[in-house]
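Enquirer: This is the structure I want to talk about, given as structure tokens.
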Amino acid sequence: MSDTSITLPKFDVFLSFRGLDTRRNLISFLYKDLVRRNIRTFKDDKELKHGRRISPELVRAIEGSRFAVVVVSVNYAASRWCLEELVKIMDFENKGSITVMPIFYGVDPCHVRRQIGVVAEQFEKHESREDHEKVLSWRQALTNLASISGDCSGKWEDDSKMVDEITDRISKELMIDTTRRNGSDLEGIDAHMKALHRLLNLNSKKSVRVIGIWARGYNGRSALAKFVYQNICQHFDSHCFLESVKRISQDRHMSHLHEEFMIRIQGECLSKLRLKNQKVLLVADDVNKLEQLDALAEDFNCFGPGSIVIITTQDKQLLISSGIKLVYEVELLRFQNVRGLFRQLAFREKDISAAFELSLDRATNVAMEWLGCLCGRSD
């Protein structure tokens, strides 16, 4: 039984950085790439003034995040704001509630860990202004951070490649979490991907390919679609995951789908003329009306060569009616609880009310079949 008291994180990633060093370069690229991949990212652009404490809202943002990406730059340790923030991050890391990913940007991790060189000078200034115990907590947090394996900018040719690697890593980890949370069979995900790759044909230079993913269960279908998206989006110039199209278009005009797509694809409106020259990936999850497909078709019909559109639905007839011929059918998940087994064997019907119409004899036979399965017999 699931624990309904558990609150899911409000953010996927919390960014900790010194704005003076990285706001206009690395953080700008990293934040944009994370948002483009539909990764919920917290970025606070405020600086903490002397004598003020970190707000409860900021602490909650850290606590509610799956990852904390800490960018240690030249002036990071000079900022009491960054160090106070780091103490909170490392407290949650110590509790196992957040995964910390350090990025050493223009600094030597060894210098940070041992607190020598420029870092030593920065802490000397802190010692002259701040309480000794507070500075000691900052030192310990920085030492603990530098002991975690991270990315060093000096080992990369340019920032863009490092950003791609970091966002790919986060995307894959988040997808594994999502897959587990949705109850999908991780052991079978490779087989699904292998079958889908044949339909996707990523090397194709032809016109837009529209592929349907059909399954009865929403969680498994959506988890698979997002897993595919996260694993192939790097092959496209632009990409967008429209989550729960049914919900987006509910009680709204279909033009709202177009607006939502244009906002999400890169965080800015792109003209159809520009999209014609781009290889685009669009995943429309949980489509339940033909009108929704028609509205989206106005956008994806103008995508450039090699583009792919993936439609997920539980309505197979919708895919047939829209003329989508490339369809992947997802098998039902194999694992289920005893209650699910009983319902499957004893009732066989979707509605509980229909189940009560079973005759006493049939109900007895089915119940015996169920008990036989529990006891390991197959009479």
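Each chain in the structure tokens gets a letter, A, B and so on, in the order shown; residues start at 1 in every chain, and ligands are counted from 1 in the order they appear.
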Please list as a PyMOL selection string every residue within 10 Å of segment 121-130 of chain A, counting only C-alpha atoms and excluding residues in the same chain fewer than 2 positions away.
Expert: chain A and resi 51+75-80+115-119+132-136+138-139
Enquirer: Considering only C-alpha atoms, state which residue in the set A:Val35, A:Ile170, A:Ile54, A:Trp81 is at the smallest distance from Arg66 of chain A.
Expert: A:Ile170
Enquirer: Please report, as a PDB file with N, CA and C atoms, in the first residue's frame, each residue of segment 67-251 of chain A to which DSSP assigns strand (DSSP E or B) when run on this structure's backbone.
Expert:
```pdb
ATOM      1  N   PHE A  67      17.569  17.010  -6.725  1.00  0.00           N
ATOM      2  CA  PHE A  67      19.007  17.254  -6.903  1.00  0.00           C
ATOM      3  C   PHE A  67      19.359  18.678  -6.495  1.00  0.00           C
ATOM      4  N   ALA A  68      20.556  18.857  -6.000  1.00  0.00           N
ATOM      5  CA  ALA A  68      21.126  20.196  -5.803  1.00  0.00           C
ATOM      6  C   ALA A  68      22.399  20.258  -6.638  1.00  0.00           C
ATOM      7  N   VAL A  69      22.409  21.125  -7.628  1.00  0.00           N
ATOM      8  CA  VAL A  69      23.611  21.342  -8.434  1.00  0.00           C
ATOM      9  C   VAL A  69      24.324  22.550  -7.846  1.00  0.00           C
ATOM     10  N   VAL A  70      25.481  22.313  -7.263  1.00  0.00           N
ATOM     11  CA  VAL A  70      26.238  23.375  -6.592  1.00  0.00           C
ATOM     12  C   VAL A  70      27.429  23.756  -7.461  1.00  0.00           C
ATOM     13  N   VAL A  71      27.410  24.981  -7.971  1.00  0.00           N
ATOM     14  CA  VAL A  71      28.481  25.463  -8.844  1.00  0.00           C
ATOM     15  C   VAL A  71      29.465  26.265  -8.005  1.00  0.00           C
ATOM     16  N   VAL A  72      30.614  25.668  -7.730  1.00  0.00           N
ATOM     17  CA  VAL A  72      31.648  26.341  -6.937  1.00  0.00           C
ATOM     18  C   VAL A  72      32.573  27.091  -7.891  1.00  0.00           C
ATOM     19  N   THR A  99      20.228  14.615  -3.620  1.00  0.00           N
ATOM     20  CA  THR A  99      21.498  14.221  -4.238  1.00  0.00           C
ATOM     21  C   THR A  99      22.247  15.470  -4.672  1.00  0.00           C
ATOM     22  N   VAL A 100      23.478  15.606  -4.219  1.00  0.00           N
ATOM     23  CA  VAL A 100      24.273  16.805  -4.523  1.00  0.00           C
ATOM     24  C   VAL A 100      25.230  16.525  -5.674  1.00  0.00           C
ATOM     25  N   MET A 101      25.230  17.427  -6.643  1.00  0.00           N
ATOM     26  CA  MET A 101      26.112  17.314  -7.809  1.00  0.00           C
ATOM     27  C   MET A 101      26.996  18.561  -7.882  1.00  0.00           C
ATOM     28  N   PRO A 102      28.260  18.473  -7.439  1.00  0.00           N
ATOM     29  CA  PRO A 102      29.145  19.647  -7.500  1.00  0.00           C
ATOM     30  C   PRO A 102      29.675  19.895  -8.913  1.00  0.00           C
ATOM     31  N   ILE A 103      29.814  21.171  -9.235  1.00  0.00           N
ATOM     32  CA  ILE A 103      30.511  21.578 -10.454  1.00  0.00           C
ATOM     33  C   ILE A 103      31.594  22.558 -10.023  1.00  0.00           C
ATOM     34  N   PHE A 104      32.840  22.229 -10.302  1.00  0.00           N
ATOM     35  CA  PHE A 104      33.960  23.093  -9.932  1.00  0.00           C
ATOM     36  C   PHE A 104      34.309  23.925 -11.162  1.00  0.00           C
ATOM     37  N   ASP A 151      31.879  17.455 -11.442  1.00  0.00           N
ATOM     38  CA  ASP A 151      32.413  17.849 -12.748  1.00  0.00           C
ATOM     39  C   ASP A 151      33.344  19.040 -12.579  1.00  0.00           C
ATOM     40  N   CYS A 152      34.450  19.004 -13.294  1.00  0.00           N
ATOM     41  CA  CYS A 152      35.431  20.087 -13.263  1.00  0.00           C
ATOM     42  C   CYS A 152      35.479  20.736 -14.639  1.00  0.00           C
ATOM     43  N   ARG A 209       7.610  11.912 -38.869  1.00  0.00           N
ATOM     44  CA  ARG A 209       7.078  10.586 -38.541  1.00  0.00           C
ATOM     45  C   ARG A 209       6.198  10.719 -37.301  1.00  0.00           C
ATOM     46  N   VAL A 210       4.972  10.203 -37.397  1.00  0.00           N
ATOM     47  CA  VAL A 210       4.045  10.244 -36.265  1.00  0.00           C
ATOM     48  C   VAL A 210       3.884   8.822 -35.740  1.00  0.00           C
ATOM     49  N   ILE A 211       4.176   8.636 -34.462  1.00  0.00           N
ATOM     50  CA  ILE A 211       4.169   7.307 -33.842  1.00  0.00           C
ATOM     51  C   ILE A 211       3.214   7.312 -32.650  1.00  0.00           C
ATOM     52  N   GLY A 212       2.403   6.279 -32.562  1.00  0.00           N
ATOM     53  CA  GLY A 212       1.472   6.156 -31.451  1.00  0.00           C
ATOM     54  C   GLY A 212       1.961   5.150 -30.419  1.00  0.00           C
ATOM     55  N   ILE A 213       1.749   5.461 -29.146  1.00  0.00           N
ATOM     56  CA  ILE A 213       1.989   4.503 -28.059  1.00  0.00           C
ATOM     57  C   ILE A 213       0.641   4.256 -27.398  1.00  0.00           C
ATOM     58  N   TRP A 214       0.183   3.001 -27.457  1.00  0.00           N
ATOM     59  CA  TRP A 214      -1.121   2.667 -26.898  1.00  0.00           C
ATOM     60  C   TRP A 214      -0.974   1.695 -25.746  1.00  0.00           C
ATOM     61  N   SER A 238      15.049  21.033 -31.472  1.00  0.00           N
ATOM     62  CA  SER A 238      14.088  21.513 -30.478  1.00  0.00           C
ATOM     63  C   SER A 238      13.232  20.331 -30.040  1.00  0.00           C
ATOM     64  N   HIS A 239      12.744  20.386 -28.819  1.00  0.00           N
ATOM     65  CA  HIS A 239      11.927  19.276 -28.335  1.00  0.00           C
ATOM     66  C   HIS A 239      10.971  19.752 -27.255  1.00  0.00           C
ATOM     67  N   CYS A 240       9.867  19.023 -27.106  1.00  0.00           N
ATOM     68  CA  CYS A 240       8.832  19.415 -26.159  1.00  0.00           C
ATOM     69  C   CYS A 240       8.067  18.184 -25.694  1.00  0.00           C
ATOM     70  N   PHE A 241       7.838  18.092 -24.382  1.00  0.00           N
ATOM     71  CA  PHE A 241       7.007  17.029 -23.816  1.00  0.00           C
ATOM     72  C   PHE A 241       5.752  17.683 -23.267  1.00  0.00           C
ATOM     73  N   LEU A 242       4.625  17.476 -23.941  1.00  0.00           N
ATOM     74  CA  LEU A 242       3.349  18.010 -23.489  1.00  0.00           C
ATOM     75  C   LEU A 242       2.694  16.975 -22.580  1.00  0.00           C
TER      76      LEU A 242
END
```
Enquirer: What does the distance from atom CA of Ile39 of chain A to atom CA of Asp12 of chain A come to in Å, to one decimal?
Expert: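 A separation of 6.1 Å between them.
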Enquirer: Measuring atom to atom with only C-alpha atoms, identify which of A:Gly220, A:Gly150, A:Gly106, A:Gly306 is nearest to Thr22 of chain A.
Expert: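 Closest to Thr22 of chain A, using only C-alpha atoms: A:Gly106.
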Enquirer: Given the choices A:Ala297, A:Ile308, A:Val87, A:Val74, which gets closest to Asn203 of chain A if the distance is worked out from only C-alpha atoms?
Expert: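 With only C-alpha atoms as the atom set, the closest residue is A:Ile308.
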Enquirer: Can you tell me, as a list in words, what residues are no more than 9 Å from Lys172 of chain A when counting only C-alpha atoms, ignoring any on the same chain fewer than 3 positions away?
Expert: Thr167, Asp168, Arg169, Met175, Ile176, Asp177, Phe227, Gln230 and Asn231 of chain A
Enquirer: If you measure from atom CA of Lys10 of chain A to atom CA of Arg37 of chain A, what distance in Å do you get, rounded to one decimal?
Expert: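 So the two atoms, atom CA of Lys10 of chain A and atom CA of Arg37 of chain A, lie 16.1 Å apart.
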Enquirer: Please provide the set of residues having any atom within 7 Å of Gln314 of chain A, restricted to only C-alpha atoms, with same-chain residues fewer than 2 positions apart removed, written as a count of residues only.
Expert: 4
Enquirer: Please identify all polymer residues within 12 Å of Ile311 of chain A, counting only C-alpha atoms, omitting same-chain residues fewer than 3 positions from it, and present them as a PyMOL selection string.
Expert: chain A and resi 209-215+221-222+224-226+228-229+241-246+281-290+292-293+296-297+300+308+314-316+318-319+322+324-329
Enquirer: Could you tell me which of A:Tyr105, A:Phe303, A:Phe11, A:Phe92 comes closest to Leu34 of chain A if we count only C-alpha atoms?
Expert: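 Selected residue with least distance to Leu34 of chain A: A:Phe11.
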